[in-house]
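Working notes, structure below.
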Amino acid sequence: MRFSALRRVPLLVAALLLIAPAFAAAQDGSELTDAVNTLWVVLAAVLVLFMQAGFAMLETGLSRMKNAGAIMAKTLCNLSIALVMFWAFGFAIAFGDGSGLVGSTGWFLNGDIPTTFAVYDGYGVPIEALFLFQVAFVAVSLAIVSGAMLDRTKFVGFVIFAVFYAGLIYPFVAHWTWGGGWLFEDGFLDFAGSSIVHLQGALAAAAGALILGPRIGKFRGGKAIPIPGHSMPLAVLGIFILFIGWAGFNGGSGLAAVGINIGDIIMNTYLAAGAGVIGAMIASLWLFKTLDVSQMGNGAIAGLVAITAPCAFVDSWAALLIGVVAGLILPPLVLAVEKMKIDDPVGALPAHGVAGIWGTLSIGLFAVADRTGGAEGLIYGGGGHQLWVQFYGVAATVAFTFTASALVMLGIKYTLGLRLSEDAEIAGQDISEHGMFGYPERFIDVPGATSAEPSLRPLPAPAHAPGKPATSPTGATS
Amino acid sequence: MRFSALRRVPLLVAALLLIAPAFAAAQDGSELTDAVNTLWVVLAAVLVLFMQAGFAMLETGLSRMKNAGAIMAKTLCNLSIALVMFWAFGFAIAFGDGSGLVGSTGWFLNGDIPTTFAVYDGYGVPIEALFLFQVAFVAVSLAIVSGAMLDRTKFVGFVIFAVFYAGLIYPFVAHWTWGGGWLFEDGFLDFAGSSIVHLQGALAAAAGALILGPRIGKFRGGKAIPIPGHSMPLAVLGIFILFIGWAGFNGGSGLAAVGINIGDIIMNTYLAAGAGVIGAMIASLWLFKTLDVSQMGNGAIAGLVAITAPCAFVDSWAALLIGVVAGLILPPLVLAVEKMKIDDPVGALPAHGVAGIWGTLSIGLFAVADRTGGAEGLIYGGGGHQLWVQFYGVAATVAFTFTASALVMLGIKYTLGLRLSEDAEIAGQDISEHGMFGYPERFIDVPGATSAEPSLRPLPAPAHAPGKPATSPTGATS
Amino acid sequence: MRFSALRRVPLLVAALLLIAPAFAAAQDGSELTDAVNTLWVVLAAVLVLFMQAGFAMLETGLSRMKNAGAIMAKTLCNLSIALVMFWAFGFAIAFGDGSGLVGSTGWFLNGDIPTTFAVYDGYGVPIEALFLFQVAFVAVSLAIVSGAMLDRTKFVGFVIFAVFYAGLIYPFVAHWTWGGGWLFEDGFLDFAGSSIVHLQGALAAAAGALILGPRIGKFRGGKAIPIPGHSMPLAVLGIFILFIGWAGFNGGSGLAAVGINIGDIIMNTYLAAGAGVIGAMIASLWLFKTLDVSQMGNGAIAGLVAITAPCAFVDSWAALLIGVVAGLILPPLVLAVEKMKIDDPVGALPAHGVAGIWGTLSIGLFAVADRTGGAEGLIYGGGGHQLWVQFYGVAATVAFTFTASALVMLGIKYTLGLRLSEDAEIAGQDISEHGMFGYPERFIDVPGATSAEPSLRPLPAPAHAPGKPATSPTGATS
Amino acid sequence: MKKIEAFIRHEALEAIHDRLAHMGLPSMSVTEVKGSGRQKGFTESYRGARTTVFLRPKIKLEVVLDDGDVDRAVDCILELAHTGEPGDGKIFISDIEEAIRVRTGERGAVVLEPHPEEAPA
Amino acid sequence: MKKIEAFIRHEALEAIHDRLAHMGLPSMSVTEVKGSGRQKGFTESYRGARTTVFLRPKIKLEVVLDDGDVDRAVDCILELAHTGEPGDGKIFISDIEEAIRVRTGERGAVVLEPHPEEAPA
Amino acid sequence: MKKIEAFIRHEALEAIHDRLAHMGLPSMSVTEVKGSGRQKGFTESYRGARTTVFLRPKIKLEVVLDDGDVDRAVDCILELAHTGEPGDGKIFISDIEEAIRVRTGERGAVVLEPHPEEAPA
Ligand SMILES: Nc1ncnc2c1ncn2[C@@H]1O[C@H](COP(=O)(O)OP(=O)(O)O)[C@@H](O)[C@H]1O
Ligand SMILES: Nc1ncnc2c1ncn2[C@@H]1O[C@H](COP(=O)(O)OP(=O)(O)O)[C@@H](O)[C@H]1O
Ligand SMILES: Nc1ncnc2c1ncn2[C@@H]1O[C@H](COP(=O)(O)OP(=O)(O)O)[C@@H](O)[C@H]1O
């Protein structure tokens with residue numbers, strides 16, 4: 001039990017980007033207050049971890065039946081890698097004490113908060129709860145990456161990338177911002193991670209999509225052939241799970257329930273989500289002449305991603321505006337991505353990349369002074385400073401994460417190989433890499449009696465079958 | 001951050017219908033107590049919002065494959081409309097200060113609790129958290145309406161109804177009861193909304209089902225033809241999600257975790273749910289001679305809906321009784337609805353309507369004096385007064401909501417049109433209104449290689465195809 | 001409202017196996033502390049109840065389409081029986097005051113904590129919240145039993161077993177351990193129930209699988225024929241829901257949020273889960289040469305089940321070790337079970353049985369003195385005493401639960417009959433026991449227009465059909 | 001002996017099956033197929049990319065009959081499958097040289113004997 | 001050249017496929033169909049409304065063979081598809097005028113030559 | 001009149017359909033089948049138990065044509081379905097005695113008349 005025995009008055013806390021000024025007063029350092037804050041951080045971590053089920057359903061719903069099983073295996077494996085790698089190395093790099101660029105203390109989560117993880121001093125939340133919360137964010141970012149590399153990436157190839165991403169690439173940018181690194185020092189604001197989690201995920205996804213190239217049959221004669229998924233119910237079930245998880249994603253990022261109006265943060269979050277759906281509906285009707293279900297779903301995601309950075313810093317009307325813009329620009333962006341011959345099965349680049357940038361920059365426009373403890377948006381006369389900080393923060397993230405991810409993926413490509421073989425891709429990843437179809441009864445209907453025949457005696461073993469055929473596979477015939 | 005700086009001793013609170021007497025003592029007005037109460041209200045709101053995924057799965061599971069995508073789009077859109085409309089107008093009408101009939105302050109959630117939303121003074125829960133909680137109830141009510149209008153309602157038609165329902169119809173009845181309106185003054189009790197949420201939803205659903213008429217092929221030669229859904233797993237997954245959400249639905253309606261025995265409220269809720277399933281099983285075996293899975297699921301819903309109003313006011317044995325009765329009457333009611341030639345695909349009228357009425361009236365029978373702060377049920381010798389108040393409360397709701405909904409729907413019918421065209425209904429809403437099947441691989445198996453053929457070279461582009469055919473659609477052939 | 005008016009200083013509490021020493025100090029007995037603890041226990045109960053949806057999805061995903069509906073009905077019914085039977089009898093036997101073997105006070109949850117449920121004195125959590133938490137564990141244990149008896153058990157047969165299991169068998173072992181019975185007196189430790197919940201479930205499952213025998217077509221010519229499920233997406237959705245539920249399962253077992261590091265407990269839980277997946281992947285690759293998706297999923301379950309007993313008593317590196325061992329031994333165990341001609345469709349015996357034993361024994365190896373309030377694992381020089389206590393605790397559970405379950409099942413077998421008839425099993429339980437397919441459109445595609453034909457007039461009723469055919473079934477033809 | 005292969009709409013199947021059964025010809029086989037013909041395709045749009053899909057879900061009805069029953073069976077199908085819209089479908093008749101009932105091993109036209117016509121209800 | 005069309009139960013397929021492959025006749029096609037015959041329908045009840053469903057899932061096995069192989073193939077199917085219960089199915093034989101292998105363009109009976117019979121294991 | 005039954009790969013279908021439509025022969029029917037032939041099976045392993053699955057998803061294309069159109073249709077299918085790998089499939093041709101259009105009741109070869117060939121774009 002690592003209770004920080006002595007609780008220094010959280011001087012550092014007041015300056016921290018995350019916490020509204022009112023927070024300092026509320027932390028009267030009592031055992032009970034810490035317990036309530038810790039309870040909320042743990043519950044928020046559970047909500048964000050549940051988003052792995054959301055991504056798994058969204059991704060499998062929007063891809064072909066023959067890859068359904070592989071996506072399930074990948075998501076399970078990503079979550080496990082994120083847990084182990086972030087516990088061992090990632091957390092230390094991200095939130096350990098160190099330089100402005102990288103943390104270097106607290107490997108394997110060893111060490112106490114004031115001495116090893118100074119950035120978390122004063123919150124009164126045990127390090128394990130903070131780890132749970134932050135590792136859930138890593139897993140979300142990793143799921144975004146795999147979203148754009150579906151149906152054509154080798155399982156083992158992505159596993160290796162995941163090790164690097166969770167252990168190294170993600171933690172770097174996390175250190176710069178939430179870890180008290182150089183971007184934090186410059187006053188860069190991102191409450192819940194539009195840039196750190198979503199933009200990073202989309203950048204790695206872009207690197208992957210470019211290096212892998214499109215799926216077989218996606219582009220023919222310069223045209224994008226629609227490869228629809230196999231189940232909108234599963235896809236939209238995924239979107240609802242993400243919608244619920246986002247309450248923990250944004251609401252929990254203050255690392256406290258006492259002294260922060262989590263209701264206000266979550267209201268902004270859900271107003272932006274609703275606006276995102278409505279925006280995407282309008283754009284889809286206008287551009288495609290139909291209400292495309294997958295676009296409406298992605299509109300909700302775009303709205304949620306965009307409000308993630310500014311959720312605690314803007315008023316509710318601004319939240320609606322941020323959301324509707326994110327939804328409106330989604331369908332055109334999806335067309336643009338396809339025009340650029342990039343195959344992005346679930347629309348990760350527009351929904352997480354562009355919406356992530358828009359959300360991070362929107363702080364520079366709509367930030368309310370008494371919410372951010374000082375920084376003020378352009379429209380309130382706060383000048384362009386904050387917007388400029390947000391801009392080069394995004395630029396730094398784009399430069400670092402895209403290059404780092406591209407390098408790692410190229411490394412994998414020219415060693416183990418990143419892309420599935422043609423045969424494997426056409427046959428589907430389920431049967432070629434996992435030896436079993438995701439929907440067994442859809443592809444093989446032989447083993448075991450499957451016919452619905454209430455009045456059938458079991459077949460007598462063929463009495464006088466000639467000698468056991470040489471070629472018969474094990475177990476096929478008695 | 002809208003913290004009500006001064007906290008008046010919550011005199012009003014003690015009289016409030018919602019709160020057991022013990023509550024007043026516990027609210028020592030401390031910052032921490034407010035934070036704990038707010039945390040529970042926010043978590044309860046998240047649980048109730050998750051019920052949207054439950055309704056989406058239940059509705060798509062119990063309808064045909066060709067409408068799966070449309071139901072997903074509708075549920076996403078309903079949630080967005082509820083969020084925006086209730087934030088703008090609905091919340092003010094329901095919980096703003098005003099007359100006994102309608103609230104008229106707090107549009108766009110502007111204003112502080114003591115001055116604009118007097119009904120919420122003394123709870124110590126910020127207005128945003130209360131909004132989140134109440135908007136989740138609106139979305140549940142809206143989802144019930146669409147449940148009875150499946151497979152044959154124009155998307156745009158329902159969107160317009162949703163705007164009126166979330167903005168106007170629902171808030172009125174909410175004001176009469178939870179908003180401190182005339183029914184509350186008369187002592188009408190409904191802890192979590194059997195009448196306000198479920199009965200209202202079922203009444204609008206009934207109006208819709210009557211105005212729309214049955215689905216094509218539902219009634220032939222005076223007989224009801226069974227149109228089974230397409231996936232019991234999805235439908236029952238939906239029921240489990242609703243089951244979990246109901247912990248927040250009933251448990252959260254006290255708007256506090258301190259001073260209220262939320263464990264007792266949720267225990268009553270789940271005992272009634274279990275009893276509902278057992279009741280429906282018995283009735284289904286007796287009436288249909290088989291254990292109909294969809295009836296068992298609806299039995300759980302009926303039990304939950306019935307216990308919603310009395311959950312905080314009755315003892316556990318009464319909760320079991322309320323639940324088992326709701327379950328027992330469900331199958332016969334389903335038959336009766338079909339006899340009356342009303343096409344109700346998910347059984348919304350019996351499960352939400354009749355069970356809602358039974359739950360609301362049951363307070364008049366089983367209410368325990370020290371739980372309601374005075375009102376006592378018939379069986380405890382409390383006389384028929386409370387039952388009479390409950391009765392005319394239900395009657396008022398039936399009259400208002402059914403007429404208002406019917407008027408709005410008829411308005412839509414004779415302007416934009418409410419019902420899908422025959423062709424669109426037969427082809428399925430997915431392809432006719434959303435341009436894409438909900439289960440693409442079920443209806444089209446051409447685009448992209450789908451055969452599981454591990455050993456196949458990609459097809460060489462047909463070298464000497466005669467000139468590009470005039471009629472070939474974009475992208476179909478190179 | 002049953003607030004224990006007088007709160008004796010929780011002397012007993014300090015000695016209680018469940019609670020780390022720090023706990024006693026934190027319980028300053030304030031109303032707010034109790035409210036926070038109760039809130040966490042209720043939320044944990046909701047998370048564990050959600051695991052019913054997890055088991056339903058996992059079980060239907062791993063079995064054939066023709067039994068999908070029946071599994072849904074069974075899970076709904078199990079939950080209802082657990083709720084009612086545990087409320088009436090089970091809770092009293094498990095947690096009522098009585099001898100070392102069985103509790104005998106508090107039937108129908110009547111009575112106050114200090115007088116009737118002494119074991120819960122001092123926690124400050126109302127009895128209803130504790131009931132909700134404990135009944136969720138019963139439902140989980142019951143779901144494990146049905147997992148190994150899929151596709152071939154009569155619905156009514158299992159219902160009767162469920163009544164005995166929830167009302168009698170489970171409560172006995174729960175009394176010996178958590179109820180302060182003889183095993184607790186001997187110092188037997190099991191924080192969240194590796195033995196009480198999972199091992200017991202697996203033992204009853206083993207009894208069932210042995211008495212029922214394999215499914216038709218499972219073993220032919222001494223070989224195990226693979227009967228794959230029908231949907232990996234549903235199965236792995238189930239595993240993610242179980243993963244999320246486990247935060248409440250382990251985190252809530254301290255029955256408090258104040259004074260216990262629930263973050264540490266849940267971190268250990270999820271590290272073990274990740275390690276379980278990685279272990280199962282390695283074993284699956286080595287043994288089967290492919291990454292079997294169902295094995296990876298079961299690896300997560302095995303890791304979670306193993307860490308359930310030691311989660312609060314071991315350090316994080318030990319949690320990883322416990323998890324990876326549970327994952328590694330899973331695939332070989334699945335082969336062994338099939339070699340022994342036991343048909344275990346979802347792999348319940350290895351994942352819950354063996355992993356449960358391993359988890360319970362691991363406390364004897366890795367327990368940290370200052371976490372258990374005294375008991376120390378072998379590797380810390382604590383000698384073999386704790387390991388010996390854990391061993392005979394497991395042995396007692398195996399003996400009691402296997403025999404009791406086998407007796408009850410044999411009783412059912414020779415009265416009502418436990419196994420489905422051949423015809424019913426071949427036709428599938430959906431149509432034979434529930435009168436309707438789980439996937440209606442998969443088996444019957446006639447009723448109602450299902451063709452996607454945008455331009456089709458409805459068929460004119462066949463004007464001059466010859467007289468109503470005698471044999472036509474009701475409603476088939478006008 | 002002849003085989004009737006009729007490509008018809010889903011909606012026509014139930015009526016045709018009941019009428020044929022009533023005429024003593026209950027034995028038939030039904031397959032889900034996708035067909036294209038003069039019926040115009042329908043447009044499907046997914047994330048902006050539009051394709052016209054020409055293959056529509058149809059039902060292929062196969063009935064093997066004794067030569068004498070062919071005409072009344074064809075008339076029955078023609079009457080009940082007709083809507084007058086493009087896409088009503090087509091009927092093809094081909095020769096069958098041998099028919100064998102698996103249960104009894106019987107061969108020839110006896111296997112295809114119609115049941116006596118049910119008396120009207 | 002002849003085409004055998006056999007409507008059989010799902011359970012019979014695996015045994016028939018292995019026996020035919022063993023006899024050197026591995027090439028065949030299998031289709032999921034729904035058939036009705038003398039086998040009585042089963043009742044299905046959904047929310048109280050009962051319907052008798054006559055169409056049962058069956059397997060349609062199509063094997064195109066040289067004339068010489070027809071009899072031994074039919075005997076094999078008859079033996080392995082037989083359970084003696086109604087619904088065992090029927091076998092129909094029709095004439096095939098031409099057979100072409102896409103891979104090589106070969107035409108005629110050579111396309112249907114059986115492989116040499118595998119030596120028993 | 002003749003019926004072409006072609007067992008081909010899924011990937012070939014779209015090109016063949018467009019080419020035939022372009023040649024004025026838009027009417028055809030497509031069925032999902034599972035076929036086995038000389039193509040080796042693929043191995044499937046589920047929880048350690050390995051089985052070789054011989055039946056692979058294929059497309060059965062049925063086109064009924066007037067005698068005059070058979071050759072050009074067969075050539076079109078042969079050209080577009082060919083990859084040179086085992087499993088390309090086979091084409092069978094059989095005789096059709098009668099063809100009837102349900103919509104109009106027309107009978108005979110007129111029912112199968114090709115549309116005038118579309119002018120190249
Ligand atoms: N020549 C043919 N060969 C195979 N199937 C055909 C043929 N002509 C029509 N069909 C089947 O019949 C269905 C309806 O054909 P269509 O040409 O639309 O009808 P109509 O000619 O009456 O307009 C098609 O979808 C296809 O399944
Ligand atoms: N005349 C027929 N034409 C087409 N299919 C048939 C015919 N007779 C039988 N079948 C097929 O064979 C299956 C079994 O037929 P059934 O009559 O039940 O067998 P039996 O005559 O041996 O009792 C049917 O379900 C159907 O699919
Ligand atoms: N004799 C046959 N009868 C029925 N279907 C056949 C026959 N031969 C081949 N097929 C079908 O054609 C497909 C390809 O056959 P295959 O023998 O693999 O091609 P190839 O002979 O060119 O290697 C098979 O999967 C099967 O569906």
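Labeling convention for the structure tokens: chains A, B, ... as they appear, residues from 1 per chain, ligands from 1 in order of appearance.
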
Specify as a PyMOL selection string all residues of chain F found within 9 Å of chain D, counting only C-alpha atoms.
chain F and resi 17+25-32+64+94-105+111

So which residues of range 116-233 of chain C fall under strand (DSSP E or B) by DSSP, listed as an mmCIF file with C-alpha atoms, in the first residue's frame?
```cif
data_model
loop_
_atom_site.group_PDB
_atom_site.id
_atom_site.type_symbol
_atom_site.label_atom_id
_atom_site.label_comp_id
_atom_site.auth_asym_id
_atom_site.auth_seq_id
_atom_site.Cartn_x
_atom_site.Cartn_y
_atom_site.Cartn_z
ATOM 1 C CA THR C 153 -29.148 -29.898 -21.048
ATOM 2 C CA PHE C 219 -16.222 -37.729 -30.287
ATOM 3 C CA ARG C 220 -16.027 -40.142 -33.241
ATOM 4 C CA LYS C 223 -11.048 -38.483 -31.822
ATOM 5 C CA ALA C 224 -12.421 -35.109 -30.671
#
```

Who sits within 8 Å of Arg19 in chain E, only C-alpha atoms, same chain under 4 positions skipped, as an MDAnalysis selection string:
chainID E and resid 15 23 76

What are the residues of chain D that have an atom within 10 Å of an atom of chain A, counting only C-alpha atoms, as an MDAnalysis selection string?
chainID D and resid 44:51

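Between CA of Ile431 in chain B and CA of Phe155 in chain B lies a distance of 12.6 Å.
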
Need to verify the contact set: range 71-85 of chain A, 6 Å, only C-alpha atoms, exclusion of same-chain residues closer than 3 positions in sequence. Can you return it as a JSON list (two decimals) with N, CA and C atoms, in the first residue's frame?
```
[["chain", "number", "residue", "atom", "x", "y", "z"],
["A", 68, "ALA", "N", -13.24, -11.15, -39.08],
["A", 68, "ALA", "CA", -13.85, -10.81, -37.79],
["A", 68, "ALA", "C", -13.05, -11.37, -36.62],
["A", 88, "ALA", "N", 5.83, -1.54, -17.39],
["A", 88, "ALA", "CA", 7.28, -1.73, -17.28],
["A", 88, "ALA", "C", 8.03, -0.44, -17.63],
["A", 89, "PHE", "N", 7.79, 0.11, -18.78],
["A", 89, "PHE", "CA", 8.61, 1.24, -19.29],
["A", 89, "PHE", "C", 7.79, 2.50, -19.54],
["A", 139, "ALA", "N", -4.14, 2.24, -24.49],
["A", 139, "ALA", "CA", -4.85, 1.18, -25.23],
["A", 139, "ALA", "C", -5.80, 1.79, -26.26],
["A", 166, "ALA", "N", 3.47, 1.49, -27.32],
["A", 166, "ALA", "CA", 3.05, 1.63, -25.91],
["A", 166, "ALA", "C", 4.26, 1.88, -25.01],
["A", 167, "GLY", "N", 5.39, 1.34, -25.43],
["A", 167, "GLY", "CA", 6.57, 1.47, -24.57],
["A", 167, "GLY", "C", 7.35, 2.75, -24.82],
["C", 274, "GLY", "N", -3.67, -9.44, -18.65],
["C", 274, "GLY", "CA", -2.78, -9.26, -19.82],
["C", 274, "GLY", "C", -1.79, -10.41, -19.91],
["C", 293, "VAL", "N", -8.13, -17.95, -31.53],
["C", 293, "VAL", "CA", -8.78, -16.78, -30.90],
["C", 293, "VAL", "C", -9.49, -17.19, -29.60]]
```

I'd like the interatomic distance between CA of Phe42 in chain E and CA of Glu11 in chain D, to a tenth of an Å.
21.0 Å

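CA of Val394 in chain B sits 22.5 Å away from CA of Ile265 in chain B.
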
From the list B:Phe313, B:Trp182, B:Phe158, B:Tyr439, which residue is nearest chain A when using only C-alpha atoms?
B:Tyr439

Considering only C-alpha atoms, return as a PyMOL selection string whatever protein or nucleic-acid residues lie within 8 Å of Asp264 in chain C, sequence-local ones (same chain, fewer than 2 positions apart) excluded.
(chain A and resi 1+128-129) or (chain C and resi 261-262+266-268+312)

Using only C-alpha atoms, which residues sit within 9 Å of Trp176 in chain B once same-chain residues fewer than 3 positions away are excluded, as an NGL selection string?
:B and (94 or 100-102 or 171-173 or 179-185)

So, counting only C-alpha atoms, which residue among C:Val197, C:Ala70, C:Leu234, C:Ile127 is closest to chain A?
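Smallest distance to chain A is found for C:Leu234.
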
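DSSP, applied to the backbone of this structure, assigns alpha helix (DSSP H) to the following residues of range 19-110 of chain F: Arg19, Leu20, Ala21, His22, Val70, Asp71, Arg72, Ala73, Val74, Asp75, Cys76, Ile77, Leu78, Glu79, Leu80 and Ala81 of chain F.
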
I want to know what sits within 12 Å of Leu333 in chain A, based on only C-alpha atoms, with residues of the same chain fewer than 5 positions away left out; could you give that as a ChimeraX atom specification?
/A:280,283-284,287,295,298-299,302,326-328,338-340,342,344,347-355 /D:47-48

Pick from A:Ser104, A:Thr372, A:Gln429, A:Asn250, whichever lies nearest to chain C using only C-alpha atoms
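Result for the nearest residue to chain C: A:Gln429.
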